[in-house]
Amino acid sequence: MAGGRSHAPRRAAFAALVTLLFLACVFFFLSATTITSAAPNSPASRLAAVRRHAEDHAAVLAAYAAHARRLSSDSASQTESFLSTSSRLSALSSRLSVSTVALLEKEARGHVKRARALAAGAKEAFDTQSKILKLSDTVFAVGQQLLRARRDGQLNSRIAAVSTPKSLHCLAMRLMESILANASAVPDVDPAASPPELTDPSLYHYAIFSDNILAVSVVVASAARAASEPSRHVFHVVTVPMYLPAFRVWFARRPPPLGAHVQLLAASDFAFLNASYSPVLRQIEAGNRDVALRELDYLRFYLPEMFPALQRVVLLEDDVVVQRDLAELWRVDLGGQVNGALDTCFGGFRRYGKYLNFSEPAVRERFSPRACAWSYGVNVFDLQAWRRDQCTEQFHQLMDMNENGTLWDAASVLPAGLMTFYGNTRPLDRSWHVMGLGYNPHVRPEDIRGAAVIHFNGNLKPWLDVAFNQYKHLWTKYVDTEMEFLTLCNFGL
């Protein structure tokens with residue numbers, strides 16, 4: 001940081017100025033005493049007083065001259081005056097003797113008077129400069145405090161966004177408790193005997209990566225109820241192994257409505273996902289906490305490997321509500337590109353420069369900071385085009401390059417998507433995806449009513465008490481309130 005580099009020289013200069021201020025104080029103390037204050041009738045005393053005052057003023061002016069040299073060229077004349085008067089006083093001091101004191105005393109008084117005037121003016125300038133330096137140091141310190149506060153705020157927001165609320169944790173524990181009490185209530189799933197619908201490319205397939213059981217149930221319920229043919233919609237839910245039993249209990253007790261299909265998977269169900277193949281898992285094993293917090297989010301870059309029989313998949317975030325039949329997304333022409341998404345650049349807002357570190361040559365040489373960014377939430381992926389363009393391999397290269405977090409903030413998965421699908425994304429019509437219900441209290445009601453999907457992106461999620469009241473009912477109306485564990489876990493719905 002530039003401020004950090006200039007701070008040490010500034011402190012050194014300030015210490016030197018404090019020394020000069022001390023010399024100025026000595027000067028004013030000495031100047032309070034007249035030349036003839038001690039034994040005015042004694043030539044020797046007068047000689048000693050004149051010599052002492054000349055030497056003292058010469059030292060003070062020499063110190064101010066040293067300070068003036070460090071100032072800008074505007075102080076050149078002041079520097080010359082200091083040096084000239086200081087040298088005259090020094091020369092006068094060397095010429096003083098008992099026999100010449102009477103002749104030189106008047107000349108000495110004149111030089112001392114001029115020295116006092118110069119020192120007084122210099123002291124005023126010095127005091128102003130000292131105040132400027134003190135103020136500059138204060139501004140620098142406050143800037144550092146503000147920077148730390150912003151970093152702490154971002155960290156706290158990130159923790160709040162990814163942490164599991166007590167009620168959701170309670171729900172998961174209650175569901176797992178029930179399976180321990182009655183294991184036969186949830187039949188074992190044999191992957192080899194999966195229903196054919198799960199791999200039928202003619203159906204409408206969705207992928208959801210989440211450990212939030214209630215949020216996933218709302219996504220599935222809202223999409224199924226909005227569909228004209230719910231039985232043709234298949235939802236592939238990928239979660240962490242710890243929560244997989246709880247998901248199975250929920251969907252065993254509360255199956256998806258209207259004949260929609262749900263496949264529940266854990267990341268550990270995919271044999272290819274290991275540290276030798278995936279830099280995501282390799283960095284997690286190496287202790288990268290940012291990537292570890294977003295492990296499920298990063299697994300979206302393996303959709304073609306997870307679902308090799310499928311040709312097109314719609315990726316849904318777990319904080320969305322579906323209001324319109326999404327079957328039409330399988331007929332959207334992507335023009336041979338991999339990703340269909342809502343672009344988010346309005347004017348200069350949300351372009352690549354906001355998400356990537358363009359001071360790095362690896363970023364600057366491959367991407368444009370003015371390129372339009374897009375959003376996750378509703379994404380149509382052509383898996384055939386993905387395999388053709390080897391997007392997973394490109395993602396691996398980027399993750400290896402960003403192992404130290406120099407290209408983008410690894411706590412966010414969006415920059416990795418922006419880079420992986422650069423030049424390979426087709427914008428969707430804005431009516432498919434309306435964003436901002438998790439941070440913007442002023443989303444237009446007509447936009448919400450006309451949206452196929454509304455997205456509660458932001459920290460004010462609809463399952464939290466802090467959610468916007470004007471939007472919360474759009475989510476809660478799809479919550480299955482007949483599930484008895486919701487009451488036991490104090491959900492404020």
# chains A, B, ... in the order shown; residues from 1 in each chain; ligands from 1

$ closest_atom_pairs --of "stretch 262-379 of chain A" --to "stretch 235-255 of chain A" --cutoff "12 Å" --atoms "only C-alpha atoms" --output "tab-separated table"
residue	atom	partner	partner_atom	distance
A:Val262	CA	A:Phe235	CA	4.7
A:Gln263	CA	A:His236	CA	4.8
A:Leu264	CA	A:Val237	CA	5.0
A:Leu265	CA	A:Val238	CA	4.7
A:Ala266	CA	A:Thr239	CA	4.9
A:Ala267	CA	A:Val240	CA	5.9
A:Ser268	CA	A:Pro241	CA	6.7
A:Asp269	CA	A:Pro241	CA	8.7
A:Phe270	CA	A:Val238	CA	10.3
A:Ala292	CA	A:Val240	CA	11.7
A:Leu293	CA	A:Val240	CA	11.7
A:Arg294	CA	A:Val240	CA	11.3
A:Glu295	CA	A:Val240	CA	9.0
A:Leu296	CA	A:Thr239	CA	7.0
A:Asp297	CA	A:Thr239	CA	10.1
A:Tyr298	CA	A:Val238	CA	11.7
A:Leu299	CA	A:Val238	CA	8.9
A:Arg300	CA	A:Val238	CA	9.5
A:Tyr302	CA	A:Val238	CA	11.6
A:Leu303	CA	A:His236	CA	10.6
A:Met306	CA	A:Val238	CA	10.0
A:Phe307	CA	A:His236	CA	9.4
A:Leu310	CA	A:His236	CA	11.7
A:Val313	CA	A:His236	CA	9.7
A:Val314	CA	A:Phe235	CA	9.5
A:Leu315	CA	A:His236	CA	9.6
A:Leu316	CA	A:Phe235	CA	9.7
A:Glu317	CA	A:Val237	CA	10.7
A:Asp318	CA	A:Val237	CA	10.0

$ write_last_selection --atoms "C-alpha atoms" --output "PDB file, in the first residue's frame"
ATOM      1  CA  VAL A 262     -36.050 -35.843  -6.696  1.00  0.00           C
ATOM      2  CA  GLN A 263     -32.632 -37.497  -6.611  1.00  0.00           C
ATOM      3  CA  LEU A 264     -30.658 -36.963  -3.389  1.00  0.00           C
ATOM      4  CA  LEU A 265     -26.884 -37.211  -3.650  1.00  0.00           C
ATOM      5  CA  ALA A 266     -23.850 -36.481  -1.514  1.00  0.00           C
ATOM      6  CA  ALA A 267     -20.557 -35.201  -2.850  1.00  0.00           C
ATOM      7  CA  SER A 268     -18.993 -38.480  -1.716  1.00  0.00           C
ATOM      8  CA  ASP A 269     -21.236 -40.398  -4.154  1.00  0.00           C
ATOM      9  CA  PHE A 270     -19.067 -39.246  -7.068  1.00  0.00           C
ATOM     10  CA  ALA A 292     -13.843 -25.120   2.122  1.00  0.00           C
ATOM     11  CA  LEU A 293     -16.711 -22.803   3.061  1.00  0.00           C
ATOM     12  CA  ARG A 294     -17.883 -22.868  -0.571  1.00  0.00           C
ATOM     13  CA  GLU A 295     -17.226 -26.523  -1.370  1.00  0.00           C
ATOM     14  CA  LEU A 296     -20.787 -27.238  -2.508  1.00  0.00           C
ATOM     15  CA  ASP A 297     -20.821 -24.102  -4.656  1.00  0.00           C
ATOM     16  CA  TYR A 298     -17.611 -25.105  -6.431  1.00  0.00           C
ATOM     17  CA  LEU A 299     -19.010 -28.563  -7.271  1.00  0.00           C
ATOM     18  CA  ARG A 300     -21.223 -26.955  -9.933  1.00  0.00           C
ATOM     19  CA  TYR A 302     -18.490 -30.778 -12.445  1.00  0.00           C
ATOM     20  CA  LEU A 303     -22.043 -30.991 -13.831  1.00  0.00           C
ATOM     21  CA  MET A 306     -21.900 -35.814 -12.417  1.00  0.00           C
ATOM     22  CA  PHE A 307     -24.634 -36.334 -15.003  1.00  0.00           C
ATOM     23  CA  LEU A 310     -27.791 -35.495 -19.682  1.00  0.00           C
ATOM     24  CA  VAL A 313     -29.337 -28.873 -17.028  1.00  0.00           C
ATOM     25  CA  VAL A 314     -30.819 -25.825 -15.307  1.00  0.00           C
ATOM     26  CA  LEU A 315     -28.845 -24.826 -12.212  1.00  0.00           C
ATOM     27  CA  LEU A 316     -30.999 -23.294  -9.465  1.00  0.00           C
ATOM     28  CA  GLU A 317     -29.726 -21.651  -6.293  1.00  0.00           C
ATOM     29  CA  ASP A 318     -31.435 -22.662  -3.046  1.00  0.00           C
TER      30      ASP A 318
END

$ closest_atom_pairs --of "stretch 277-368 of chain A" --to "stretch 410-423 of chain A" --cutoff "9 Å" --atoms "only C-alpha atoms" --output "JSON lines"
{"residue": "A:Asn288", "atom": "CA", "partner": "A:Ala410", "partner_atom": "CA", "distance": 9.0}
{"residue": "A:Arg289", "atom": "CA", "partner": "A:Ala411", "partner_atom": "CA", "distance": 8.4}
{"residue": "A:Asp290", "atom": "CA", "partner": "A:Ala411", "partner_atom": "CA", "distance": 4.6}
{"residue": "A:Val291", "atom": "CA", "partner": "A:Ala410", "partner_atom": "CA", "distance": 5.9}
{"residue": "A:Ala292", "atom": "CA", "partner": "A:Ala411", "partner_atom": "CA", "distance": 8.7}
{"residue": "A:Leu293", "atom": "CA", "partner": "A:Ala411", "partner_atom": "CA", "distance": 7.3}
{"residue": "A:Arg294", "atom": "CA", "partner": "A:Ala411", "partner_atom": "CA", "distance": 6.6}
{"residue": "A:Asp297", "atom": "CA", "partner": "A:Val413", "partner_atom": "CA", "distance": 6.5}
{"residue": "A:Tyr298", "atom": "CA", "partner": "A:Val413", "partner_atom": "CA", "distance": 6.4}
{"residue": "A:Phe301", "atom": "CA", "partner": "A:Gly417", "partner_atom": "CA", "distance": 8.2}
{"residue": "A:Gln337", "atom": "CA", "partner": "A:Gly423", "partner_atom": "CA", "distance": 8.3}
{"residue": "A:Val338", "atom": "CA", "partner": "A:Phe421", "partner_atom": "CA", "distance": 7.3}
{"residue": "A:Asn339", "atom": "CA", "partner": "A:Phe421", "partner_atom": "CA", "distance": 7.0}
{"residue": "A:Tyr352", "atom": "CA", "partner": "A:Leu418", "partner_atom": "CA", "distance": 7.6}
{"residue": "A:Tyr355", "atom": "CA", "partner": "A:Pro415", "partner_atom": "CA", "distance": 5.8}
{"residue": "A:Leu356", "atom": "CA", "partner": "A:Pro415", "partner_atom": "CA", "distance": 6.6}
{"residue": "A:Val363", "atom": "CA", "partner": "A:Met419", "partner_atom": "CA", "distance": 8.9}
{"residue": "A:Arg366", "atom": "CA", "partner": "A:Met419", "partner_atom": "CA", "distance": 9.0}
{"residue": "A:Phe367", "atom": "CA", "partner": "A:Tyr422", "partner_atom": "CA", "distance": 7.8}

$ select_by_dssp --residues "stretch 160-378 of chain A" --states "alpha helix (DSSP H)" --output "ChimeraX atom specification"
/A:160-162,166-181,213-226,244-253,279-285,289-293,295-298,303-306,352-355,361-364

$ select_by_dssp --residues "stretch 108-266 of chain A" --states "strand (DSSP E)" --output "number ranges by chain"
A: 204-209, 233-239, 261-266

$ residues_around --residues "A:His396" --least-positions-apart "2" --cutoff "10 Å" --atoms "only C-alpha atoms" --output "list in words"
Tyr277, Ser278, Pro279, Val280, Phe301, Cys391, Thr392, Glu393, Gln394, Leu398, Met399, Asp400, Met401, Asn402, Ala416 and Thr420 of chain A

$ write_last_selection --atoms "all heavy atoms" --output "tab-separated table (two decimals), in the first residue's frame"
chain	number	residue	atom	x	y	z
A	277	TYR	N	-7.75	-35.45	-8.63
A	277	TYR	CA	-8.40	-34.94	-9.84
A	277	TYR	C	-8.83	-33.48	-9.69
A	277	TYR	O	-8.65	-32.67	-10.60
A	277	TYR	CB	-9.62	-35.80	-10.19
A	277	TYR	CG	-10.47	-35.24	-11.31
A	277	TYR	CD1	-10.01	-35.24	-12.63
A	277	TYR	CD2	-11.73	-34.71	-11.05
A	277	TYR	CE1	-10.79	-34.71	-13.65
A	277	TYR	CE2	-12.52	-34.18	-12.07
A	277	TYR	CZ	-12.04	-34.18	-13.37
A	277	TYR	OH	-12.81	-33.67	-14.38
A	278	SER	N	-9.38	-33.14	-8.55
A	278	SER	CA	-10.00	-31.83	-8.37
A	278	SER	C	-9.13	-30.88	-7.55
A	278	SER	O	-8.81	-31.17	-6.38
A	278	SER	CB	-11.36	-31.99	-7.67
A	278	SER	OG	-11.85	-30.73	-7.25
A	279	PRO	N	-8.74	-29.74	-8.11
A	279	PRO	CA	-7.98	-28.76	-7.32
A	279	PRO	C	-8.84	-28.16	-6.20
A	279	PRO	O	-8.29	-27.65	-5.22
A	279	PRO	CB	-7.59	-27.69	-8.35
A	279	PRO	CG	-8.53	-27.87	-9.49
A	279	PRO	CD	-8.90	-29.32	-9.51
A	280	VAL	N	-10.16	-28.23	-6.32
A	280	VAL	CA	-11.02	-27.75	-5.23
A	280	VAL	C	-10.77	-28.58	-3.98
A	280	VAL	O	-10.49	-28.04	-2.89
A	280	VAL	CB	-12.51	-27.83	-5.64
A	280	VAL	CG1	-13.40	-27.50	-4.46
A	280	VAL	CG2	-12.78	-26.89	-6.80
A	301	PHE	N	-19.07	-26.90	-11.05
A	301	PHE	CA	-18.19	-26.97	-12.22
A	301	PHE	C	-17.96	-28.41	-12.68
A	301	PHE	O	-17.17	-28.63	-13.63
A	301	PHE	CB	-16.86	-26.28	-11.92
A	301	PHE	CG	-16.99	-24.79	-11.76
A	301	PHE	CD1	-17.09	-24.22	-10.50
A	301	PHE	CD2	-17.07	-23.97	-12.87
A	301	PHE	CE1	-17.24	-22.85	-10.35
A	301	PHE	CE2	-17.22	-22.60	-12.73
A	301	PHE	CZ	-17.31	-22.04	-11.46
A	391	CYS	N	-14.66	-27.08	-20.53
A	391	CYS	CA	-14.76	-26.01	-19.53
A	391	CYS	C	-14.27	-26.45	-18.16
A	391	CYS	O	-13.73	-25.65	-17.41
A	391	CYS	CB	-16.20	-25.52	-19.45
A	391	CYS	SG	-16.76	-24.68	-20.94
A	392	THR	N	-14.47	-27.73	-17.82
A	392	THR	CA	-13.98	-28.20	-16.52
A	392	THR	C	-12.47	-28.13	-16.47
A	392	THR	O	-11.89	-27.74	-15.44
A	392	THR	CB	-14.47	-29.64	-16.25
A	392	THR	OG1	-15.90	-29.67	-16.26
A	392	THR	CG2	-13.97	-30.13	-14.90
A	393	GLU	N	-11.80	-28.46	-17.56
A	393	GLU	CA	-10.34	-28.37	-17.59
A	393	GLU	C	-9.88	-26.92	-17.45
A	393	GLU	O	-8.89	-26.63	-16.76
A	393	GLU	CB	-9.80	-28.97	-18.89
A	393	GLU	CG	-9.89	-30.50	-18.99
A	393	GLU	CD	-11.31	-31.00	-19.24
A	393	GLU	OE1	-12.21	-30.16	-19.52
A	393	GLU	OE2	-11.53	-32.23	-19.16
A	394	GLN	N	-10.61	-26.01	-18.10
A	394	GLN	CA	-10.28	-24.58	-17.94
A	394	GLN	C	-10.45	-24.15	-16.49
A	394	GLN	O	-9.63	-23.39	-15.95
A	394	GLN	CB	-11.17	-23.74	-18.85
A	394	GLN	CG	-10.97	-23.98	-20.33
A	394	GLN	CD	-11.91	-23.12	-21.16
A	394	GLN	OE1	-12.13	-21.95	-20.86
A	394	GLN	NE2	-12.48	-23.71	-22.21
A	398	LEU	N	-7.63	-22.50	-13.83
A	398	LEU	CA	-7.85	-21.25	-13.09
A	398	LEU	C	-7.71	-21.47	-11.59
A	398	LEU	O	-7.14	-20.64	-10.88
A	398	LEU	CB	-9.24	-20.70	-13.43
A	398	LEU	CG	-9.42	-20.22	-14.86
A	398	LEU	CD1	-10.91	-19.97	-15.15
A	398	LEU	CD2	-8.62	-18.94	-15.11
A	399	MET	N	-8.24	-22.58	-11.08
A	399	MET	CA	-8.12	-22.86	-9.65
A	399	MET	C	-6.67	-23.05	-9.24
A	399	MET	O	-6.25	-22.59	-8.17
A	399	MET	CB	-8.94	-24.11	-9.30
A	399	MET	CG	-10.44	-23.88	-9.27
A	399	MET	SD	-10.98	-22.70	-7.99
A	399	MET	CE	-10.58	-23.59	-6.49
A	400	ASP	N	-5.89	-23.72	-10.09
A	400	ASP	CA	-4.46	-23.88	-9.78
A	400	ASP	C	-3.75	-22.53	-9.77
A	400	ASP	O	-2.88	-22.27	-8.93
A	400	ASP	CB	-3.80	-24.81	-10.81
A	400	ASP	CG	-4.21	-26.26	-10.63
A	400	ASP	OD1	-4.57	-26.64	-9.49
A	400	ASP	OD2	-4.18	-27.02	-11.62
A	401	MET	N	-4.12	-21.65	-10.70
A	401	MET	CA	-3.50	-20.33	-10.75
A	401	MET	C	-3.91	-19.45	-9.56
A	401	MET	O	-3.18	-18.55	-9.17
A	401	MET	CB	-3.89	-19.63	-12.06
A	401	MET	CG	-3.32	-20.29	-13.31
A	401	MET	SD	-4.12	-19.69	-14.83
A	401	MET	CE	-3.64	-17.97	-14.81
A	402	ASN	N	-5.07	-19.73	-9.00
A	402	ASN	CA	-5.60	-18.91	-7.91
A	402	ASN	C	-5.41	-19.57	-6.54
A	402	ASN	O	-6.10	-19.24	-5.58
A	402	ASN	CB	-7.09	-18.63	-8.12
A	402	ASN	CG	-7.61	-17.52	-7.24
A	402	ASN	OD1	-7.05	-16.43	-7.21
A	402	ASN	ND2	-8.68	-17.77	-6.50
A	416	ALA	N	-14.99	-17.30	-10.56
A	416	ALA	CA	-14.52	-18.51	-11.25
A	416	ALA	C	-15.42	-18.82	-12.44
A	416	ALA	O	-14.95	-19.23	-13.51
A	416	ALA	CB	-14.49	-19.69	-10.28
A	420	THR	N	-14.34	-18.92	-16.34
A	420	THR	CA	-14.48	-20.21	-17.04
A	420	THR	C	-15.36	-20.08	-18.28
A	420	THR	O	-15.08	-20.67	-19.33
A	420	THR	CB	-15.07	-21.26	-16.09
A	420	THR	OG1	-14.20	-21.42	-14.96
A	420	THR	CG2	-15.23	-22.60	-16.80
